[in-house]
Amino acid sequence: MAMKQERGSGAPDPAPHVPAPGVLEPDVWYFGVRLADGRYAFAAPLVTEVVRLGPLTRLPSAPAFLPGVFTHRGEILPVLDLGELLLRRAVSLRPGTRAAIVHAEPWRVAVVAEEIEGLLRVPRRRIGPPPAAQAAGDFLQAVVPDDLGDIAVIDLPRLVAAARARSIAP
Amino acid sequence: MSGSSQLVLFQLGARVFAAKAADVRRIATSLLERAEDGVFESALGSPWDPRRGLVVEVAGEERVLLVDGVLGLRVVPDADLCGLPAFAREVLPTSALRGFAMLDEVATLVIDLPTLVKEGLPAQAAVPREENPRHA
């Protein structure tokens with residue numbers, strides 16, 4: 001199956017940006033998470049809420065990036081392991097692990113990472129293009145430096161769509 | 001008025017699953033019956049100690065899913081049943097996971113037994129065996 005090439009909704013254009021003189025550029029909001037090797041973020045408008053992960057129901061024969069499902073306000077949501085999706089390294093799920101519920105169109109899923117940083121407000125001028133080689137590879141949209149280091153901005157909907165495509169490929 | 005469904009609960013390995021009771025013809029207890037047509041390995045895994053079998057019909061033949069135990073029947077309101085999330089349904093390699101039943105506030109997987117057994121059968125085992133006296 002062909003992979004979707006368009007960028008995810010709500011994601012900023014990663015191309016270097018030169019504002020028009022005298023025009024105030026709005027800041028960009030990202031949602032930050034931590035994984036073993038660093039800091040990642042994706043477009044904040046994708047996130048509808050952050051919740052404590054309830055009891056997980058494991059799905060037999062599921063791919064590694066889908067550790068299970070959990071019930072949230074009567075809705076059963078698939079849980080996606082961002083560590084597996086990006087680094088092939090599973091996040092250790094503990095009682096109280098927080099999950100971000102996101103709309104990765106057309107799916108509504110819960111995303112888990114080692115740690116959730118939450119909302120990050122970034123001046124648009126600080127958003128830089130991705131380096132040539134990075135762990136997030138094809139899904140890296142941009143890099144944002146801040147006081148704690150670089151944040152890799154990923155195209156989450158495209159990452160989820162690619163994982164799905166890999167799973168259903170014959 | 002909303003309806004309800006009767007589910008049979010069974011244990012396979014460390015986990016408890018549910019299936020529509022209407023899909024189960026009977027519960028096999030004899031060693032002979034379980035050994036003849038038993039499906040040991042399935043998308044749910046393998047039983048640790050297959051003391052029981054769930055007899056289902058697949059393509060007009062009786063087949064047996066070997067399980068560790070049968071825990072009983074539960075009548076569940078349809079409001080407590082729900083399907084698999086679309087994303088999970090698409091990425092799972094099996095079609096035998098029907099959805100969930102909320103049992104004592106725990107989401108318990110509801111299994112489509114005929115599909116599970118069919119997927120677990122070797123290709124040659126799906127055809128009737130004339131030498132088997134049970135099919136004579």
# chains A, B, ... in the order shown; residues from 1 in each chain; ligands from 1
call {"tool": "interface_residues", "arguments": {"of": "chain A", "to": "chain B", "cutoff": "8 Å", "atoms": "only C-alpha atoms", "output": "PyMOL selection string"}}
result
chain A and resi 57+60-63+66+70-71+76-78+107+164+167-168
call {"tool": "write_last_selection", "arguments": {"atoms": "N, CA and C atoms", "output": "CSV table (one decimal), in the first residue's frame"}}
result
chain,number,residue,atom,x,y,z
A,57,THR,N,-5.8,-3.9,28.3
A,57,THR,CA,-6.2,-5.3,27.8
A,57,THR,C,-5.3,-5.6,26.6
A,60,PRO,N,-4.1,-10.4,21.6
A,60,PRO,CA,-3.2,-11.5,21.1
A,60,PRO,C,-2.7,-11.2,19.7
A,61,SER,N,-1.5,-11.5,19.5
A,61,SER,CA,-0.9,-11.4,18.1
A,61,SER,C,-0.8,-10.0,17.6
A,62,ALA,N,-0.9,-9.0,18.5
A,62,ALA,CA,-0.8,-7.6,18.1
A,62,ALA,C,0.6,-7.3,17.8
A,63,PRO,N,0.8,-6.3,16.8
A,63,PRO,CA,2.2,-5.8,16.6
A,63,PRO,C,2.8,-5.1,17.8
A,66,LEU,N,1.5,-1.9,19.4
A,66,LEU,CA,0.1,-1.8,19.9
A,66,LEU,C,0.1,-2.7,21.2
A,70,PHE,N,-7.3,0.3,26.1
A,70,PHE,CA,-7.9,0.6,27.5
A,70,PHE,C,-9.2,1.4,27.3
A,71,THR,N,-9.9,1.4,28.4
A,71,THR,CA,-11.3,2.0,28.4
A,71,THR,C,-11.2,3.4,29.0
A,76,ILE,N,-13.3,2.4,24.0
A,76,ILE,CA,-12.1,1.6,24.0
A,76,ILE,C,-11.1,2.2,23.0
A,77,LEU,N,-9.9,2.5,23.5
A,77,LEU,CA,-8.9,3.2,22.6
A,77,LEU,C,-7.7,2.3,22.5
A,78,PRO,N,-7.2,2.2,21.3
A,78,PRO,CA,-5.9,1.5,21.1
A,78,PRO,C,-4.8,2.3,21.7
A,107,TRP,N,-8.1,8.0,12.8
A,107,TRP,CA,-8.2,7.2,14.0
A,107,TRP,C,-8.0,8.0,15.3
A,164,ARG,N,0.5,1.4,10.4
A,164,ARG,CA,-0.7,0.6,9.9
A,164,ARG,C,-0.4,-0.1,8.6
A,167,SER,N,1.7,-3.1,8.9
A,167,SER,CA,1.0,-4.2,9.6
A,167,SER,C,0.1,-4.9,8.6
A,168,ILE,N,-0.5,-4.2,7.7
A,168,ILE,CA,-1.5,-4.9,6.9
A,168,ILE,C,-0.9,-5.3,5.5
call {"tool": "select_by_dssp", "arguments": {"residues": "chain A", "states": "strand (DSSP E or B)", "output": "PyMOL selection string"}}
result
chain A and resi 28-35+38-43+47-52+57+68-72+75-81+98-104+107-112+115-122+128+140-146+149-154
call {"tool": "write_last_selection", "arguments": {"atoms": "C-alpha atoms", "output": "PDB file, in the first residue's frame"}}
result
ATOM      1  CA  VAL A  28       3.480  27.396  17.364  1.00  0.00           C
ATOM      2  CA  TRP A  29       2.232  24.944  19.967  1.00  0.00           C
ATOM      3  CA  TYR A  30       3.694  21.483  20.160  1.00  0.00           C
ATOM      4  CA  PHE A  31       3.074  18.574  22.483  1.00  0.00           C
ATOM      5  CA  GLY A  32       6.345  17.280  23.917  1.00  0.00           C
ATOM      6  CA  VAL A  33       7.303  13.779  25.031  1.00  0.00           C
ATOM      7  CA  ARG A  34      10.516  12.052  26.058  1.00  0.00           C
ATOM      8  CA  LEU A  35      11.829   8.758  24.803  1.00  0.00           C
ATOM      9  CA  GLY A  38      15.773  12.327  23.465  1.00  0.00           C
ATOM     10  CA  ARG A  39      12.916  14.736  23.193  1.00  0.00           C
ATOM     11  CA  TYR A  40      10.167  14.592  20.606  1.00  0.00           C
ATOM     12  CA  ALA A  41       7.096  16.648  19.864  1.00  0.00           C
ATOM     13  CA  PHE A  42       4.141  16.698  17.542  1.00  0.00           C
ATOM     14  CA  ALA A  43       1.474  19.220  16.667  1.00  0.00           C
ATOM     15  CA  VAL A  47      -4.060  16.117  21.328  1.00  0.00           C
ATOM     16  CA  THR A  48      -7.508  16.189  22.868  1.00  0.00           C
ATOM     17  CA  GLU A  49      -6.524  15.285  26.427  1.00  0.00           C
ATOM     18  CA  VAL A  50      -3.923  13.627  28.634  1.00  0.00           C
ATOM     19  CA  VAL A  51      -5.092  10.819  30.900  1.00  0.00           C
ATOM     20  CA  ARG A  52      -3.715   8.224  33.266  1.00  0.00           C
ATOM     21  CA  THR A  57      -6.187  -5.259  27.819  1.00  0.00           C
ATOM     22  CA  GLY A  68      -3.193  -3.125  24.067  1.00  0.00           C
ATOM     23  CA  VAL A  69      -6.364  -1.150  24.512  1.00  0.00           C
ATOM     24  CA  PHE A  70      -7.865   0.630  27.465  1.00  0.00           C
ATOM     25  CA  THR A  71     -11.259   1.998  28.354  1.00  0.00           C
ATOM     26  CA  HIS A  72     -11.675   5.727  28.706  1.00  0.00           C
ATOM     27  CA  GLU A  75     -14.673   4.285  24.765  1.00  0.00           C
ATOM     28  CA  ILE A  76     -12.114   1.599  23.979  1.00  0.00           C
ATOM     29  CA  LEU A  77      -8.942   3.181  22.643  1.00  0.00           C
ATOM     30  CA  PRO A  78      -5.933   1.496  21.097  1.00  0.00           C
ATOM     31  CA  VAL A  79      -2.682   2.372  22.854  1.00  0.00           C
ATOM     32  CA  LEU A  80       0.283   3.121  20.595  1.00  0.00           C
ATOM     33  CA  ASP A  81       3.822   2.873  21.914  1.00  0.00           C
ATOM     34  CA  ARG A  98       0.121   9.003  31.211  1.00  0.00           C
ATOM     35  CA  ALA A  99      -1.220   8.775  27.709  1.00  0.00           C
ATOM     36  CA  ALA A 100      -2.053  11.511  25.220  1.00  0.00           C
ATOM     37  CA  ILE A 101      -5.291  10.918  23.387  1.00  0.00           C
ATOM     38  CA  VAL A 102      -4.790  12.092  19.836  1.00  0.00           C
ATOM     39  CA  HIS A 103      -6.696  12.324  16.611  1.00  0.00           C
ATOM     40  CA  ALA A 104      -4.371  10.823  14.038  1.00  0.00           C
ATOM     41  CA  TRP A 107      -8.155   7.188  14.038  1.00  0.00           C
ATOM     42  CA  ARG A 108      -8.456   8.161  17.639  1.00  0.00           C
ATOM     43  CA  VAL A 109      -5.655   6.575  19.627  1.00  0.00           C
ATOM     44  CA  ALA A 110      -3.809   6.910  22.927  1.00  0.00           C
ATOM     45  CA  VAL A 111      -0.071   7.505  22.631  1.00  0.00           C
ATOM     46  CA  VAL A 112       2.400   6.568  25.359  1.00  0.00           C
ATOM     47  CA  GLU A 115       7.542  10.787  29.844  1.00  0.00           C
ATOM     48  CA  ILE A 116       5.123  13.509  28.826  1.00  0.00           C
ATOM     49  CA  GLU A 117       6.400  17.076  28.783  1.00  0.00           C
ATOM     50  CA  GLY A 118       3.108  18.586  27.690  1.00  0.00           C
ATOM     51  CA  LEU A 119       2.547  21.769  25.763  1.00  0.00           C
ATOM     52  CA  LEU A 120       5.524  23.596  24.335  1.00  0.00           C
ATOM     53  CA  ARG A 121       5.190  27.095  22.966  1.00  0.00           C
ATOM     54  CA  VAL A 122       7.728  27.763  20.243  1.00  0.00           C
ATOM     55  CA  GLY A 128      14.462  24.675  11.836  1.00  0.00           C
ATOM     56  CA  LEU A 140      10.897  14.045  11.224  1.00  0.00           C
ATOM     57  CA  GLN A 141       9.396  17.404  10.240  1.00  0.00           C
ATOM     58  CA  ALA A 142      11.558  19.944  12.009  1.00  0.00           C
ATOM     59  CA  VAL A 143      13.933  20.549  14.869  1.00  0.00           C
ATOM     60  CA  VAL A 144      13.328  23.078  17.618  1.00  0.00           C
ATOM     61  CA  PRO A 145      16.188  24.037  19.914  1.00  0.00           C
ATOM     62  CA  ASP A 146      15.429  25.193  23.430  1.00  0.00           C
ATOM     63  CA  GLY A 149      18.431  20.790  23.865  1.00  0.00           C
ATOM     64  CA  ASP A 150      16.919  19.912  20.535  1.00  0.00           C
ATOM     65  CA  ILE A 151      13.347  18.713  20.137  1.00  0.00           C
ATOM     66  CA  ALA A 152      12.593  16.522  17.143  1.00  0.00           C
ATOM     67  CA  VAL A 153       9.206  17.415  15.685  1.00  0.00           C
ATOM     68  CA  ILE A 154       7.509  14.383  14.149  1.00  0.00           C
TER      69      ILE A 154
END
call {"tool": "atom_distance", "arguments": {"atom1": "CA of Phe17 (chain B)", "atom2": "CA of Ile111 (chain B)"}}
result
7.0 Å
call {"tool": "closest_residue", "arguments": {"among": "B:Ala14, B:Ala21, B:Leu113, B:Leu66", "to": "Gly38 (chain B)", "atoms": "only C-alpha atoms"}}
result
B:Leu66
call {"tool": "select_by_dssp", "arguments": {"residues": "chain B", "states": "alpha helix (DSSP H)", "output": "PyMOL selection string"}}
result
chain B and resi 31-37+86-91+113-120
call {"tool": "write_last_selection", "arguments": {"atoms": "N, CA and C atoms", "output": "compact mmCIF listing (two decimals), in the first residue's frame"}}
result
# COMPACT_ATOMS: atom_id res chain seq x y z
N LEU B 31 -10.38 -37.22 26.56
CA LEU B 31 -9.05 -37.07 25.99
C LEU B 31 -9.07 -37.42 24.50
N LEU B 32 -9.82 -38.47 24.14
CA LEU B 32 -9.86 -38.93 22.75
C LEU B 32 -10.42 -37.83 21.85
N GLU B 33 -11.54 -37.27 22.27
CA GLU B 33 -12.18 -36.25 21.44
C GLU B 33 -11.29 -35.02 21.29
N ARG B 34 -10.63 -34.67 22.37
CA ARG B 34 -9.78 -33.49 22.32
C ARG B 34 -8.56 -33.75 21.43
N ALA B 35 -8.06 -34.98 21.44
CA ALA B 35 -6.86 -35.28 20.67
C ALA B 35 -7.15 -35.37 19.18
N GLU B 36 -8.35 -35.85 18.81
CA GLU B 36 -8.64 -36.10 17.40
C GLU B 36 -8.66 -34.84 16.54
N ASP B 37 -9.44 -33.88 16.95
CA ASP B 37 -9.65 -32.70 16.10
C ASP B 37 -9.20 -31.42 16.77
N ALA B 86 -11.26 0.62 15.38
CA ALA B 86 -10.97 0.41 13.95
C ALA B 86 -9.49 0.21 13.69
N PHE B 87 -8.66 0.99 14.36
CA PHE B 87 -7.22 0.88 14.11
C PHE B 87 -6.70 -0.50 14.51
N ALA B 88 -7.15 -0.98 15.67
CA ALA B 88 -6.71 -2.30 16.14
C ALA B 88 -7.18 -3.39 15.17
N ARG B 89 -8.42 -3.26 14.71
CA ARG B 89 -8.96 -4.27 13.79
C ARG B 89 -8.12 -4.35 12.52
N GLU B 90 -7.64 -3.20 12.07
CA GLU B 90 -6.89 -3.19 10.82
C GLU B 90 -5.49 -3.76 10.95
N VAL B 91 -4.85 -3.57 12.10
CA VAL B 91 -3.45 -3.99 12.20
C VAL B 91 -3.28 -5.40 12.79
N LEU B 113 -15.16 -17.79 17.66
CA LEU B 113 -14.54 -19.12 17.75
C LEU B 113 -14.41 -19.83 16.41
N PRO B 114 -15.47 -19.86 15.58
CA PRO B 114 -15.29 -20.56 14.29
C PRO B 114 -14.15 -19.96 13.46
N THR B 115 -14.06 -18.63 13.46
CA THR B 115 -12.97 -18.00 12.70
C THR B 115 -11.62 -18.33 13.31
N LEU B 116 -11.54 -18.30 14.62
CA LEU B 116 -10.27 -18.62 15.30
C LEU B 116 -9.82 -20.04 14.97
N VAL B 117 -10.76 -20.97 15.06
CA VAL B 117 -10.42 -22.37 14.81
C VAL B 117 -10.04 -22.56 13.34
N LYS B 118 -10.80 -21.92 12.47
CA LYS B 118 -10.50 -22.02 11.04
C LYS B 118 -9.09 -21.51 10.74
N GLU B 119 -8.74 -20.38 11.35
CA GLU B 119 -7.40 -19.82 11.13
C GLU B 119 -6.32 -20.75 11.69
N GLY B 120 -6.67 -21.50 12.74
CA GLY B 120 -5.68 -22.36 13.39
C GLY B 120 -5.52 -23.72 12.76
call {"tool": "residues_around", "arguments": {"residues": "Val24 (chain B)", "least_positions_apart": "6", "cutoff": "10 Å", "atoms": "only C-alpha atoms", "output": "list in words"}}
result
Leu7, Val8, Gly53, Leu54, Val55, Val56, Glu57, Val64, Leu113 and Pro114 of chain B
call {"tool": "closest_residue", "arguments": {"among": "A:Pro95, A:Asp138, A:Leu86, A:Arg58", "to": "Val16 (chain B)", "atoms": "only C-alpha atoms"}}
result
A:Arg58
call {"tool": "atom_distance", "arguments": {"atom1": "CA of Gln11 (chain B)", "atom2": "CA of Leu71 (chain B)"}}
result
7.1 Å
call {"tool": "closest_residue", "arguments": {"among": "B:Ala59, B:Gln6, B:Leu65, B:Asp78", "to": "Ala18 (chain B)", "atoms": "only C-alpha atoms"}}
result
B:Gln6
